[in-house]
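Have a look at work-v4.cif below; it lists mmCIF, C-alpha atoms.
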```
data_target
#
loop_
_atom_site.label_atom_id
_atom_site.label_comp_id
_atom_site.auth_asym_id
_atom_site.auth_seq_id
_atom_site.Cartn_x
_atom_site.Cartn_y
_atom_site.Cartn_z
CA MET Y 1 -9.79 -2.83 59.92
CA ASN Y 2 -13.04 -1.00 60.58
CA LYS Y 3 -15.94 -0.99 58.15
CA THR Y 4 -15.50 2.63 57.03
CA ALA Y 5 -11.85 2.13 56.20
CA ARG Y 6 -12.63 -1.10 54.33
CA ASN Y 7 -15.32 0.64 52.28
CA ASP Y 8 -12.92 3.46 51.50
CA ILE Y 9 -10.41 0.97 50.19
CA LEU Y 10 -13.06 -0.85 48.14
CA LEU Y 11 -14.20 2.47 46.65
CA ALA Y 12 -10.64 3.42 45.79
CA VAL Y 13 -10.03 0.02 44.20
CA ALA Y 14 -13.23 0.34 42.14
CA ILE Y 15 -12.21 3.80 40.92
CA ALA Y 16 -8.74 2.50 40.10
CA LEU Y 17 -10.18 -0.41 38.10
CA ALA Y 18 -12.51 1.94 36.23
CA ALA Y 19 -9.61 4.24 35.40
CA VAL Y 20 -7.56 1.28 34.15
CA ALA Y 21 -10.50 0.12 32.01
CA VAL Y 22 -10.92 3.60 30.49
CA PHE Y 23 -7.20 3.75 29.82
CA LEU Y 24 -7.12 0.34 28.11
CA ILE Y 25 -10.17 1.14 25.99
CA ARG Y 26 -8.49 4.29 24.77
CA ILE Y 27 -5.24 2.49 24.02
CA PHE Y 28 -6.87 -0.55 22.39
CA PRO Y 29 -10.22 0.59 21.04
CA ALA Y 30 -12.59 -2.19 20.08
CA ALA Y 31 -12.22 -3.16 16.43
CA PRO Y 32 -15.21 -1.85 14.52
CA ALA Y 33 -17.42 -4.27 12.62
CA GLN Y 34 -16.54 -4.65 8.96
CA SER Y 35 -17.84 -1.88 6.76
CA CYS Y 36 -17.65 -0.77 3.16
CA GLU Y 37 -16.43 2.79 2.87
CA VAL Y 38 -17.53 4.64 -0.27
CA ILE Y 39 -15.10 7.36 -1.34
CA HIS Y 40 -16.08 9.84 -4.03
CA ALA Y 41 -13.68 12.52 -5.32
CA GLY Y 42 -11.31 11.81 -2.44
CA ALA Y 43 -13.86 12.20 0.37
CA THR Y 44 -15.77 9.56 2.31
CA GLU Y 45 -19.36 9.68 1.14
CA ALA Y 46 -20.81 6.72 3.04
CA VAL Y 47 -19.86 3.88 5.37
CA LEU Y 48 -22.06 0.86 4.75
CA PRO Y 49 -22.14 -2.03 7.27
CA LEU Y 50 -21.21 -5.29 5.54
CA ASP Y 51 -23.75 -7.25 7.55
CA GLY Y 52 -26.59 -5.51 5.72
CA ASN Y 53 -27.92 -5.95 2.18
CA GLY Y 54 -28.77 -3.30 -0.37
CA VAL Y 55 -27.59 -1.00 -3.13
CA TYR Y 56 -25.99 2.40 -2.66
CA VAL Y 57 -25.90 4.82 -5.60
CA CYS Y 58 -23.00 7.22 -6.04
CA GLY Y 59 -23.35 9.12 -9.32
CA SER Y 60 -23.43 6.55 -12.10
CA VAL Y 61 -21.95 3.90 -9.80
CA GLU Y 62 -24.11 1.36 -7.99
CA ILE Y 63 -22.54 -0.42 -5.03
CA GLU Y 64 -24.15 -3.62 -3.86
CA ILE Y 65 -23.76 -5.00 -0.36
CA SER Y 66 -24.76 -8.64 -0.20
CA ASP Y 67 -23.79 -11.72 1.82
CA GLY Y 68 -21.06 -9.92 3.72
CA SER Y 69 -19.29 -8.57 0.65
CA ALA Y 70 -19.36 -5.47 -1.51
CA ARG Y 71 -19.03 -4.97 -5.25
CA ILE Y 72 -19.56 -2.36 -7.93
CA LYS Y 73 -22.69 -3.62 -9.62
CA LYS Y 74 -23.07 -0.93 -12.30
CA SER Y 75 -21.02 1.97 -13.55
CA GLY Y 76 -21.22 4.46 -16.37
CA CYS Y 77 -17.50 4.06 -17.10
CA PRO Y 78 -16.47 2.88 -20.58
CA GLU Y 79 -14.33 -0.16 -19.78
CA GLN Y 80 -16.32 -1.68 -16.89
CA ILE Y 81 -13.12 -2.90 -15.20
CA CYS Y 82 -14.60 -2.11 -11.78
CA VAL Y 83 -17.77 -4.08 -12.51
CA LYS Y 84 -15.72 -7.13 -13.50
CA HIS Y 85 -13.77 -7.01 -10.21
CA LYS Y 86 -14.64 -9.77 -7.76
CA PRO Y 87 -16.67 -8.83 -4.64
CA ILE Y 88 -14.52 -7.71 -1.72
CA SER Y 89 -15.03 -8.66 1.92
CA ARG Y 90 -11.70 -8.50 3.75
CA SER Y 91 -10.31 -5.47 5.50
CA GLY Y 92 -7.78 -3.71 3.27
CA GLU Y 93 -9.39 -4.78 -0.03
CA ALA Y 94 -10.52 -2.05 -2.42
CA VAL Y 95 -12.07 -1.57 -5.87
CA ILE Y 96 -11.76 1.62 -7.85
CA CYS Y 97 -13.75 3.11 -10.70
CA ALA Y 98 -11.18 5.65 -11.85
CA PRO Y 99 -13.26 7.36 -14.57
CA GLU Y 100 -16.06 8.04 -12.07
CA GLY Y 101 -13.67 8.88 -9.20
CA VAL Y 102 -15.32 6.30 -6.92
CA MET Y 103 -13.61 3.81 -4.67
CA ILE Y 104 -15.01 1.23 -2.28
CA ARG Y 105 -12.87 -0.35 0.38
CA ILE Y 106 -13.38 -2.64 3.34
CA THR Y 107 -12.48 -1.36 6.78
CA GLY Y 108 -12.57 -3.05 10.17
CA GLU Y 109 -10.81 -5.94 11.83
CA GLY Y 110 -8.16 -7.63 9.68
CA PRO Y 111 -5.12 -6.61 7.63
CA ASP Y 112 -4.48 -2.91 7.10
CA PHE Y 113 -3.94 -3.54 3.40
CA VAL Y 114 -4.26 -6.51 1.06
CA GLN Y 115 -2.11 -7.06 -2.03
CA MET L 1 -20.65 3.61 65.15
CA CYS L 2 -17.01 4.23 65.78
CA GLY L 3 -14.61 1.52 66.74
CA LYS L 4 -11.18 1.77 68.22
CA VAL L 5 -8.46 1.19 65.68
CA PRO L 6 -5.04 -0.06 66.83
CA LEU L 7 -2.25 2.41 65.98
CA GLN L 8 -0.28 -0.02 63.75
CA SER L 9 -3.40 -0.95 61.80
CA TYR L 10 -4.38 2.71 61.36
CA TYR L 11 -0.99 3.56 59.86
CA SER L 12 -1.13 0.60 57.53
CA GLN L 13 -4.64 1.58 56.31
CA THR L 14 -3.53 5.18 55.80
CA TYR L 15 -0.49 3.95 53.89
CA ILE L 16 -2.66 1.78 51.63
CA MET L 17 -5.13 4.60 51.06
CA LYS L 18 -2.37 7.02 50.14
CA LYS L 19 -0.90 4.56 47.68
CA LEU L 20 -4.27 3.87 46.12
CA LEU L 21 -5.06 7.56 45.84
CA ILE L 22 -1.75 8.18 44.08
CA VAL L 23 -2.55 5.39 41.62
CA VAL L 24 -6.10 6.62 41.08
CA PHE L 25 -5.11 10.24 40.48
CA SER L 26 -2.20 9.24 38.26
CA LEU L 27 -4.45 7.14 36.07
CA MET L 28 -7.16 9.81 36.01
CA ILE L 29 -4.66 12.44 34.95
CA PHE L 30 -3.11 10.03 32.42
CA THR L 31 -6.41 9.09 30.82
CA ALA L 32 -7.76 12.62 30.89
CA CYS L 33 -4.77 14.54 29.61
CA GLU L 34 -2.79 12.36 27.23
CA ALA L 35 -3.83 12.79 23.62
CA VAL L 36 -3.97 9.20 22.38
CA PRO L 37 -3.47 9.36 18.59
CA LYS L 38 -6.53 8.35 16.60
CA ARG L 39 -6.56 6.29 13.41
CA TYR L 40 -7.41 8.21 10.26
CA SER L 41 -7.63 7.09 6.63
CA ALA L 42 -7.92 8.79 3.25
CA ALA L 43 -7.95 7.55 -0.31
CA TYR L 44 -7.08 9.13 -3.65
CA THR L 45 -8.14 7.86 -7.04
CA ASP L 46 -6.38 10.39 -9.25
CA VAL L 47 -2.71 9.36 -8.97
CA PHE L 48 -0.83 6.65 -10.90
CA ASP L 49 -4.09 5.25 -12.34
CA THR L 50 -4.67 3.23 -9.22
CA VAL L 51 -5.99 3.35 -5.67
CA THR L 52 -3.82 5.11 -3.10
CA GLN L 53 -4.73 4.66 0.54
CA PHE L 54 -3.22 6.60 3.42
CA THR L 55 -3.62 5.58 7.06
CA ALA L 56 -2.04 7.49 9.93
CA TYR L 57 -2.31 8.02 13.67
CA CYS L 58 -2.78 11.71 14.44
CA GLY L 59 -3.87 13.88 17.33
CA SER L 60 -6.71 15.65 15.52
CA ASP L 61 -8.78 15.78 12.33
CA GLU L 62 -6.99 18.95 11.28
CA GLU L 63 -3.55 17.42 11.74
CA PHE L 64 -4.45 14.41 9.60
CA GLU L 65 -6.06 16.52 6.87
CA GLU L 66 -2.93 18.64 6.68
CA TYR L 67 -0.71 15.56 6.23
CA SER L 68 -3.18 14.03 3.78
CA ASP L 69 -3.19 17.18 1.62
CA ILE L 70 0.61 17.31 1.61
CA LEU L 71 0.83 13.63 0.63
CA HIS L 72 -1.79 14.01 -2.10
CA ASP L 73 -0.09 17.10 -3.55
CA GLU L 74 3.29 15.36 -3.59
CA LEU L 75 1.89 12.24 -5.27
CA LEU L 76 0.07 14.37 -7.84
CA ARG L 77 3.27 16.27 -8.59
CA LEU L 78 5.22 13.04 -9.12
CA HIS L 79 2.34 11.48 -11.08
CA GLU L 80 2.46 14.38 -13.53
CA ILE L 81 6.22 14.00 -13.97
CA PHE L 82 6.14 10.22 -14.58
CA ASP L 83 2.87 10.09 -16.59
CA ILE L 84 3.53 8.56 -20.02
CA TYR L 85 0.00 9.20 -21.34
CA LEU L 86 -0.62 12.92 -20.72
CA THR L 87 1.24 16.22 -20.64
CA TYR L 88 0.54 18.93 -18.05
CA GLY L 89 1.12 22.43 -19.38
CA ASP L 90 4.81 23.32 -19.39
CA THR L 91 5.83 20.50 -17.03
CA GLN L 92 8.56 18.49 -18.72
CA ASN L 93 7.41 14.95 -18.13
CA ALA L 94 7.73 11.38 -19.39
CA CYS L 95 4.94 11.79 -21.96
CA MET L 96 6.65 14.83 -23.43
CA LEU L 97 9.94 12.90 -23.52
CA ASN L 98 8.37 10.00 -25.39
CA GLU L 99 6.60 12.31 -27.84
CA ASN L 100 9.47 14.74 -28.53
CA GLY L 101 12.43 12.41 -27.99
CA SER L 102 14.19 14.82 -25.66
CA LEU L 103 13.84 17.16 -22.67
CA GLU L 104 16.19 20.07 -22.14
CA ASN L 105 15.37 20.76 -18.49
CA PRO L 106 13.91 17.57 -17.07
CA PRO L 107 12.77 17.52 -13.42
CA PRO L 108 15.44 15.97 -11.16
CA GLU L 109 13.01 13.22 -10.14
CA LEU L 110 12.71 12.06 -13.77
CA VAL L 111 16.48 12.06 -14.18
CA GLU L 112 16.85 10.07 -10.94
CA LEU L 113 14.21 7.54 -11.99
CA ILE L 114 15.84 6.99 -15.39
CA GLU L 115 19.26 6.58 -13.80
CA SER L 116 17.72 4.11 -11.37
CA GLY L 117 16.14 2.28 -14.32
CA LYS L 118 19.52 2.00 -16.03
CA ASN L 119 21.04 0.52 -12.87
CA TRP L 120 18.22 -2.01 -12.52
CA TYR L 121 18.70 -2.99 -16.17
CA SER L 122 22.33 -3.94 -15.57
CA GLU L 123 21.59 -5.58 -12.21
CA THR L 124 18.80 -7.76 -13.63
CA ASP L 125 20.52 -8.65 -16.90
CA GLY L 126 17.83 -6.72 -18.77
CA GLN L 127 14.82 -8.32 -17.05
CA LEU L 128 13.74 -4.89 -15.84
CA ASN L 129 13.87 -2.55 -18.80
CA ILE L 130 12.34 0.96 -18.74
CA ALA L 131 13.02 1.20 -22.51
CA LEU L 132 10.43 -1.50 -23.22
CA GLY L 133 7.73 1.17 -23.61
CA SER L 134 6.77 0.43 -27.22
CA VAL L 135 6.24 -3.29 -26.50
CA LEU L 136 4.29 -2.58 -23.29
CA SER L 137 2.15 -0.02 -25.08
CA LEU L 138 1.15 -2.59 -27.73
CA TRP L 139 0.28 -5.13 -25.02
CA HIS L 140 -1.71 -2.47 -23.16
CA ASP L 141 -3.80 -1.67 -26.23
CA CYS L 142 -4.32 -5.37 -26.98
CA ARG L 143 -5.48 -6.09 -23.42
CA GLU L 144 -7.99 -3.24 -23.68
CA ASN L 145 -9.39 -4.78 -26.87
CA ALA L 146 -9.11 -8.37 -25.59
CA GLU L 147 -6.91 -9.44 -28.49
CA LEU L 148 -3.38 -10.78 -28.86
CA PRO L 149 -0.62 -8.64 -30.39
CA ASP L 150 0.72 -9.50 -33.82
CA PRO L 151 3.98 -11.46 -33.23
CA ASP L 152 5.76 -9.71 -36.10
CA MET L 153 4.81 -6.33 -34.72
CA LEU L 154 6.09 -7.36 -31.27
CA LYS L 155 9.38 -8.47 -32.77
CA ASN L 156 9.69 -5.28 -34.75
CA LEU L 157 9.02 -3.11 -31.68
CA SER L 158 11.51 -5.08 -29.60
CA GLY L 159 14.20 -3.67 -31.89
CA HIS L 160 13.49 -0.26 -30.36
CA CYS L 161 14.05 -1.12 -26.70
CA ASP L 162 17.80 -0.58 -26.36
CA ILE L 163 18.37 1.21 -23.05
CA GLU L 164 21.76 2.43 -24.31
CA ASN L 165 19.83 4.77 -26.59
CA ILE L 166 18.87 6.91 -23.60
CA SER L 167 21.36 9.74 -23.34
CA MET L 168 21.67 11.72 -20.11
CA ASP L 169 24.55 13.97 -21.16
CA ASN L 170 22.55 17.11 -21.88
CA GLY L 171 19.06 16.84 -20.41
CA ILE L 172 17.49 13.58 -21.57
CA ALA L 173 17.48 12.41 -25.17
CA LEU L 174 16.24 9.24 -26.86
CA ALA L 175 18.52 8.40 -29.79
CA ASP L 176 15.96 6.01 -31.32
CA PRO L 177 12.84 7.96 -32.41
CA GLU L 178 10.76 4.76 -32.28
CA MET L 179 11.58 4.01 -28.67
CA SER L 180 9.56 5.02 -25.63
CA LEU L 181 10.06 4.74 -21.89
CA ASP L 182 7.69 3.12 -19.39
CA PHE L 183 8.09 3.51 -15.64
CA GLY L 184 5.36 1.10 -14.54
CA ALA L 185 7.84 -1.07 -12.62
CA LEU L 186 9.44 1.82 -10.75
CA ALA L 187 7.30 4.95 -10.52
CA LYS L 188 4.78 4.02 -7.81
CA GLY L 189 7.40 2.65 -5.44
CA TYR L 190 9.68 5.62 -6.01
CA ALA L 191 6.85 8.14 -5.58
CA ALA L 192 5.54 6.45 -2.43
CA GLU L 193 9.02 6.53 -0.93
CA LYS L 194 9.55 10.20 -1.79
CA ALA L 195 6.13 11.13 -0.39
CA ALA L 196 6.78 9.10 2.78
CA GLU L 197 10.11 10.91 3.25
CA THR L 198 8.25 14.23 3.05
CA LEU L 199 5.81 13.16 5.79
CA ILE L 200 8.61 11.83 8.00
CA GLY L 201 10.46 15.12 7.55
CA LEU L 202 7.37 16.96 8.78
CA GLY L 203 7.26 14.83 11.92
CA LEU L 204 4.54 12.25 11.20
CA GLU L 205 5.52 9.19 13.20
CA ASN L 206 3.08 6.36 12.49
CA PHE L 207 1.59 5.91 9.04
CA ALA L 208 1.26 3.63 6.03
CA ILE L 209 0.73 4.42 2.35
CA SER L 210 -0.56 1.87 -0.15
CA CYS L 211 0.01 3.20 -3.65
CA GLY L 212 -1.64 0.63 -5.88
CA GLY L 213 -0.47 -2.18 -3.61
CA ASN L 214 2.98 -0.70 -3.03
CA VAL L 215 2.82 -0.42 0.75
CA VAL L 216 5.22 1.85 2.63
CA THR L 217 5.11 1.78 6.43
CA HIS L 218 6.65 4.01 9.05
CA GLY L 219 6.34 3.52 12.80
CA LYS L 220 3.62 1.32 14.24
CA LYS L 221 -0.03 1.15 15.21
CA PRO L 222 -0.84 1.31 18.94
CA SER L 223 -1.55 -2.42 18.78
CA GLY L 224 1.71 -3.25 16.99
CA SER L 225 3.08 -3.62 13.48
CA TRP L 226 1.16 -2.93 10.27
CA GLU L 227 -0.50 -6.03 8.85
CA ILE L 228 -0.32 -6.59 5.10
CA GLY L 229 -2.41 -9.45 3.74
CA ILE L 230 -0.93 -11.32 0.76
CA GLU L 231 -3.49 -12.76 -1.62
CA ASN L 232 -3.46 -16.31 -2.81
CA PRO L 233 -3.72 -16.02 -6.63
CA ASP L 234 -6.52 -18.61 -6.47
CA GLY L 235 -8.48 -16.69 -3.83
CA GLY L 236 -8.28 -15.92 -0.14
CA LEU L 237 -5.25 -14.80 1.80
CA ILE L 238 -2.16 -16.98 1.77
CA THR L 239 -0.47 -15.16 4.64
CA SER L 240 -0.03 -11.82 6.34
CA VAL L 241 3.23 -10.02 7.00
CA PHE L 242 3.75 -7.62 9.91
CA VAL L 243 6.05 -4.68 9.23
CA SER L 244 7.07 -1.37 10.73
CA GLY L 245 9.44 0.71 8.67
CA GLU L 246 9.59 -1.72 5.74
CA SER L 247 7.84 -1.70 2.39
CA VAL L 248 5.89 -4.60 0.92
CA VAL L 249 5.17 -5.02 -2.79
CA THR L 250 3.55 -7.92 -4.62
CA SER L 251 3.62 -8.55 -8.37
CA GLY L 252 1.04 -11.08 -9.50
CA ASP L 253 -0.60 -12.46 -12.61
CA TYR L 254 -4.03 -11.94 -11.00
CA GLN L 255 -3.81 -8.16 -10.63
CA ARG L 256 -4.25 -6.93 -14.22
CA PHE L 257 -5.00 -9.36 -17.01
CA VAL L 258 -7.27 -10.31 -19.87
CA GLU L 259 -8.54 -13.76 -20.80
CA ILE L 260 -8.44 -14.66 -24.48
CA GLY L 261 -9.56 -18.11 -25.58
CA GLY L 262 -9.53 -19.30 -21.97
CA VAL L 263 -5.88 -18.26 -21.49
CA ARG L 264 -4.96 -15.53 -19.03
CA TYR L 265 -2.58 -12.83 -20.30
CA HIS L 266 -1.36 -10.65 -17.45
CA HIS L 267 0.44 -7.30 -17.54
CA ILE L 268 4.05 -8.17 -16.57
CA ILE L 269 5.92 -8.75 -19.81
CA ASP L 270 9.14 -10.78 -19.89
CA PRO L 271 11.60 -8.64 -21.92
CA LYS L 272 13.24 -11.79 -23.32
CA THR L 273 10.09 -13.54 -24.63
CA LEU L 274 8.00 -10.34 -25.13
CA TYR L 275 5.05 -12.27 -23.64
CA PRO L 276 3.65 -12.33 -20.09
CA ALA L 277 6.26 -13.84 -17.75
CA LYS L 278 5.55 -17.44 -16.81
CA PHE L 279 7.95 -18.06 -13.93
CA TRP L 280 5.53 -17.32 -11.08
CA ARG L 281 1.92 -16.59 -10.12
CA SER L 282 3.06 -13.97 -7.63
CA VAL L 283 6.17 -12.61 -5.96
CA THR L 284 6.13 -10.56 -2.74
CA VAL L 285 9.13 -8.51 -1.68
CA ILE L 286 9.84 -6.91 1.71
CA SER L 287 12.50 -4.22 1.71
CA LYS L 288 13.52 -1.14 3.67
CA SER L 289 13.09 0.85 0.45
CA SER L 290 9.77 1.14 -1.37
CA ALA L 291 11.50 1.99 -4.66
CA GLU L 292 13.66 -1.14 -4.35
CA ALA L 293 10.73 -3.35 -3.33
CA ASP L 294 8.75 -2.20 -6.38
CA ALA L 295 11.62 -2.83 -8.79
CA LEU L 296 12.59 -6.13 -7.16
CA SER L 297 9.08 -7.59 -7.22
CA THR L 298 8.79 -6.99 -10.98
CA ALA L 299 12.32 -8.22 -11.66
CA LEU L 300 11.90 -11.37 -9.53
CA PHE L 301 8.62 -12.10 -11.30
CA CYS L 302 10.61 -12.32 -14.55
CA MET L 303 13.41 -14.63 -13.40
CA ASP L 304 14.05 -18.01 -11.78
CA GLN L 305 14.32 -18.36 -8.02
CA LYS L 306 18.10 -18.77 -7.93
CA SER L 307 18.64 -15.49 -9.78
CA GLY L 308 15.99 -13.84 -7.61
CA LEU L 309 17.63 -15.02 -4.40
CA GLU L 310 20.97 -13.56 -5.51
CA LEU L 311 19.31 -10.25 -6.30
CA ILE L 312 17.41 -9.87 -3.01
CA LYS L 313 20.48 -10.90 -1.02
CA LYS L 314 22.39 -8.05 -2.63
CA HIS L 315 19.64 -5.63 -1.54
CA SER L 316 19.07 -7.13 1.93
CA ALA L 317 15.46 -7.85 1.00
CA GLU L 318 13.18 -10.84 1.58
CA ALA L 319 10.82 -12.52 -0.87
CA MET L 320 8.06 -15.07 -1.21
CA TRP L 321 7.29 -16.81 -4.51
CA ILE L 322 4.15 -18.71 -5.52
CA ASP L 323 4.60 -20.93 -8.56
CA GLN L 324 2.12 -22.15 -11.19
CA ASN L 325 1.21 -25.16 -9.02
CA GLY L 326 0.52 -23.05 -5.95
CA GLU L 327 3.78 -24.10 -4.23
CA VAL L 328 5.14 -21.41 -1.95
CA TYR L 329 8.85 -20.61 -1.56
CA ARG L 330 10.33 -18.17 0.90
CA SER L 331 13.73 -16.56 1.34
CA GLU L 332 15.46 -17.32 4.62
CA GLY L 333 14.23 -14.32 6.61
CA PHE L 334 10.75 -13.91 5.10
CA SER L 335 8.96 -15.94 7.78
CA ASP L 336 10.32 -13.56 10.44
CA TYR L 337 7.69 -11.12 9.20
CA GLU L 338 4.75 -13.60 9.23
#
```

Spit out the file's structure as structure tokens when you get a sec.
Amino acid sequence: MNKTARNDILLAVAIALAAVAVFLIRIFPAAPAQSCEVIHAGATEAVLPLDGNGVYVCGSVEIEISDGSARIKKSGCPEQICVKHKPISRSGEAVICAPEGVMIRITGEGPDFVQ
Amino acid sequence: MCGKVPLQSYYSQTYIMKKLLIVVFSLMIFTACEAVPKRYSAAYTDVFDTVTQFTAYCGSDEEFEEYSDILHDELLRLHEIFDIYLTYGDTQNACMLNENGSLENPPPELVELIESGKNWYSETDGQLNIALGSVLSLWHDCRENAELPDPDMLKNLSGHCDIENISMDNGIALADPEMSLDFGALAKGYAAEKAAETLIGLGLENFAISCGGNVVTHGKKPSGSWEIGIENPDGGLITSVFVSGESVVTSGDYQRFVEIGGVRYHHIIDPKTLYPAKFWRSVTVISKSSAEADALSTALFCMDQKSGLELIKKHSAEAMWIDQNGEVYRSEGFSDYE
């Protein structure tokens, strides 16, 4: 086999491997890092990485991200059920403040839903 | 520099090149042209007083939004029909039925749910009773105020829970003016199933709906089945089940409760004792039907394992029980889903 033909084959193999890689990435996209999605009135208002720390304010609701988990720290709702809920950290977990129309839920690698 | 290539070798290189080019172009066309469905999620906080999450694989943002709007509208419609707390204009609903004692032209979904409730009552020997509304209402108010109900009042109200007093002959009528209906054990599962049927009818192939923990699945994710994590009542996940086309529902004492004097009082009331059921910490049911899974999980939570096994066998369902000591029991086919 001459050098030109060998290089042609190598180039073709490289292109084939790249195409396969692109195909696999599209079929099995990398799982995103865990995040806390804040939904207000049915629409996503923010996506907060769980590996950060801080407080996000959504109306009267304060959402705290700390130590890899999220919780509703404060709310103007009357019964404070959401505030009493334990922090959430696993994909599929969610906390709702129904009176304020706010929900936080964990997305990323892990179960689709938790019950 | 050109070299002389033997004829046999030349043909073999050409053959290889042709094959490789076919592969390369096929893959390029495949990756460039095929619309790989993307994962989308939405959540609603205004139906059935709980969190509803919708996840689906769709070809575009517009396609998903269209399905999401249809699902939301359908759940809202059913929520208004089964709501026992509020009325909605002229809509004849459960609240109106409880307040007025009758409905002349009830929506077919309400008639179907009540008929289903009557069937579950006879199948569970009364352990699932939609006529327990007055007792459940008292418990609900007491949980809100973190106080225990008066035992005499409970006993008095339990005299107004006879399911035979629901008449379906001409519309719906409650013969006992003190009785009220509660669909907490049935409505979410039924509504999720109806809404899922609507989406399937419109051609959506791969999706999951979690209506307050009542999970309905249809089709699969690109990576395989849907994964549903089951909580350990004491924290963490005890297991995950992998389903495609089945529904998964868990009833647990850790989901809605109040602590009074260091004792936990949860929301699933045993119709025989009129107090929170003490058989199990949690019961998970896997069934082809979301409505059945919802009803079965509540019913199994209020009965011993032998009775529960008989019931799920009849409905071709599977179950997992966690008792007060944290011991886990599974029906024969449950582990097939783990």

Inset, instruction - Tell me which protein, DNA and RNA residues are within 7 Å of L:Ile166, counting only C-alpha atoms, leaving out same-chain ones fewer than 5 positions away, and put them as a list in words. - result: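 Counting only the stated atoms, we get Ala173, Leu174 and Ala175 of chain L.
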
Report task. Please measure the separation of atom CA of L:Gly326 and atom CA of L:Lys306, giving the value in Å to one decimal. Result ->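 Calculated distance between atom CA of L:Gly326 and atom CA of L:Lys306 is 18.2 Å.
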
Worksheet entry | Output of the PyMOL selection byres ((chain L and resi 42) around 6), listed as a PyMOL selection string | chain L and resi 41+43+53-54

Nearest residue to Y:Cys36 from the set Y:Asn7, Y:Phe113, Y:Ser89, Y:Ile15 (distances using only C-alpha atoms)
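Ranking Y:Asn7, Y:Phe113, Y:Ser89, Y:Ile15 by distance to Y:Cys36, first place goes to Y:Ser89.
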
Computed gap from atom CA of L:His140 to atom CA of L:Leu154 is 12.3 Å

| said: Just want the 8 Å neighbourhood of stretch 73-84 of chain Y, counted on all atoms listed in the file, with same-chain residues fewer than 4 positions away dropped. Output as a list in words. | reply: Ser60, Val61, Glu62, Ile63, Glu64, Val95, Ile96, Cys97, Pro99 and Glu100 of chain Y

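For L:Tyr85, the set of protein, DNA and RNA residues having any atom at most 9 Å away, when counting all atoms listed in the file and skipping those fewer than 4 positions along the same chain, is Ala94, Cys95 and Met96 of chain L.
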
Evaluated on this file, the PyMOL selection byres ((chain L and resi 198-214) around 7) picks out some residues - which ones are they, written as an mmCIF file with C-alpha atoms, in the frame of the given file?
```cif
data_model
loop_
_atom_site.group_PDB
_atom_site.id
_atom_site.type_symbol
_atom_site.label_atom_id
_atom_site.label_comp_id
_atom_site.auth_asym_id
_atom_site.auth_seq_id
_atom_site.Cartn_x
_atom_site.Cartn_y
_atom_site.Cartn_z
ATOM 1 C CA GLN Y 115 -2.110 -7.060 -2.030
ATOM 2 C CA THR L 50 -4.670 3.230 -9.220
ATOM 3 C CA VAL L 51 -5.990 3.350 -5.670
ATOM 4 C CA THR L 52 -3.820 5.110 -3.100
ATOM 5 C CA GLN L 53 -4.730 4.660 0.540
ATOM 6 C CA PHE L 54 -3.220 6.600 3.420
ATOM 7 C CA THR L 55 -3.620 5.580 7.060
ATOM 8 C CA ALA L 56 -2.040 7.490 9.930
ATOM 9 C CA TYR L 57 -2.310 8.020 13.670
ATOM 10 C CA TYR L 67 -0.710 15.560 6.230
ATOM 11 C CA LYS L 188 4.780 4.020 -7.810
ATOM 12 C CA GLY L 189 7.400 2.650 -5.440
ATOM 13 C CA ALA L 192 5.540 6.450 -2.430
ATOM 14 C CA LYS L 194 9.550 10.200 -1.790
ATOM 15 C CA ALA L 195 6.130 11.130 -0.390
ATOM 16 C CA ALA L 196 6.780 9.100 2.780
ATOM 17 C CA GLU L 197 10.110 10.910 3.250
ATOM 18 C CA VAL L 215 2.820 -0.420 0.750
ATOM 19 C CA VAL L 216 5.220 1.850 2.630
ATOM 20 C CA THR L 217 5.110 1.780 6.430
ATOM 21 C CA HIS L 218 6.650 4.010 9.050
ATOM 22 C CA GLY L 219 6.340 3.520 12.800
ATOM 23 C CA LYS L 220 3.620 1.320 14.240
ATOM 24 C CA LYS L 221 -0.030 1.150 15.210
ATOM 25 C CA VAL L 248 5.890 -4.600 0.920
ATOM 26 C CA VAL L 249 5.170 -5.020 -2.790
ATOM 27 C CA ASP L 294 8.750 -2.200 -6.380
#
```

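The residues that lie within 12 Å of the point (-18.0, -3.0, 10.5), counting all atoms listed in the file, are Y:Ala30, Y:Ala31, Y:Pro32, Y:Ala33, Y:Gln34, Y:Ser35, Y:Cys36, Y:Glu37, Y:Val47, Y:Leu48, Y:Pro49, Y:Leu50, Y:Asp51, Y:Gly52, Y:Gly68, Y:Ser69, Y:Ser89, Y:Arg90, Y:Ser91, Y:Arg105, Y:Ile106, Y:Thr107, Y:Gly108, Y:Glu109, Y:Gly110.
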
If I take atom CA of L:Ile130 and atom CA of L:Val243, how far is one from the other in Å, to one decimal?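 Going from atom CA of L:Ile130 over to atom CA of L:Val243, I get 29.2 Å.
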
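The closest residue to chain Y, picked from L:Leu113, L:Met303, L:Ala317, L:Val283 and counting all atoms listed in the file, is L:Val283.
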
- Give the answer as one residue: which of Y:Ala70, Y:Ile88, Y:Val114, Y:Ala46 has the shortest atom-to-atom distance to chain L, using all atoms listed in the file?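 Smallest distance to chain L is found for Y:Val114.
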
Practice item. Select, from L:Ser225, L:Ser167, L:Asn325, L:Ser290, the residue with the minimum atom-to-atom distance to L:Val241, counting only C-alpha atoms. Key: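 For L:Val241, the nearest of the given residues is L:Ser225.
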
Original post:
So what does the PyMOL selection byres ((chain Y and resi 41) around 7) actually pick up in this one, as a list of chain:residue names?
Top reply: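 With the shown file as input, the PyMOL selection byres ((chain Y and resi 41) around 7) matches Y:Ile39, Y:His40, Y:Gly42, Y:Ala43, Y:Gly101, Y:Val102.
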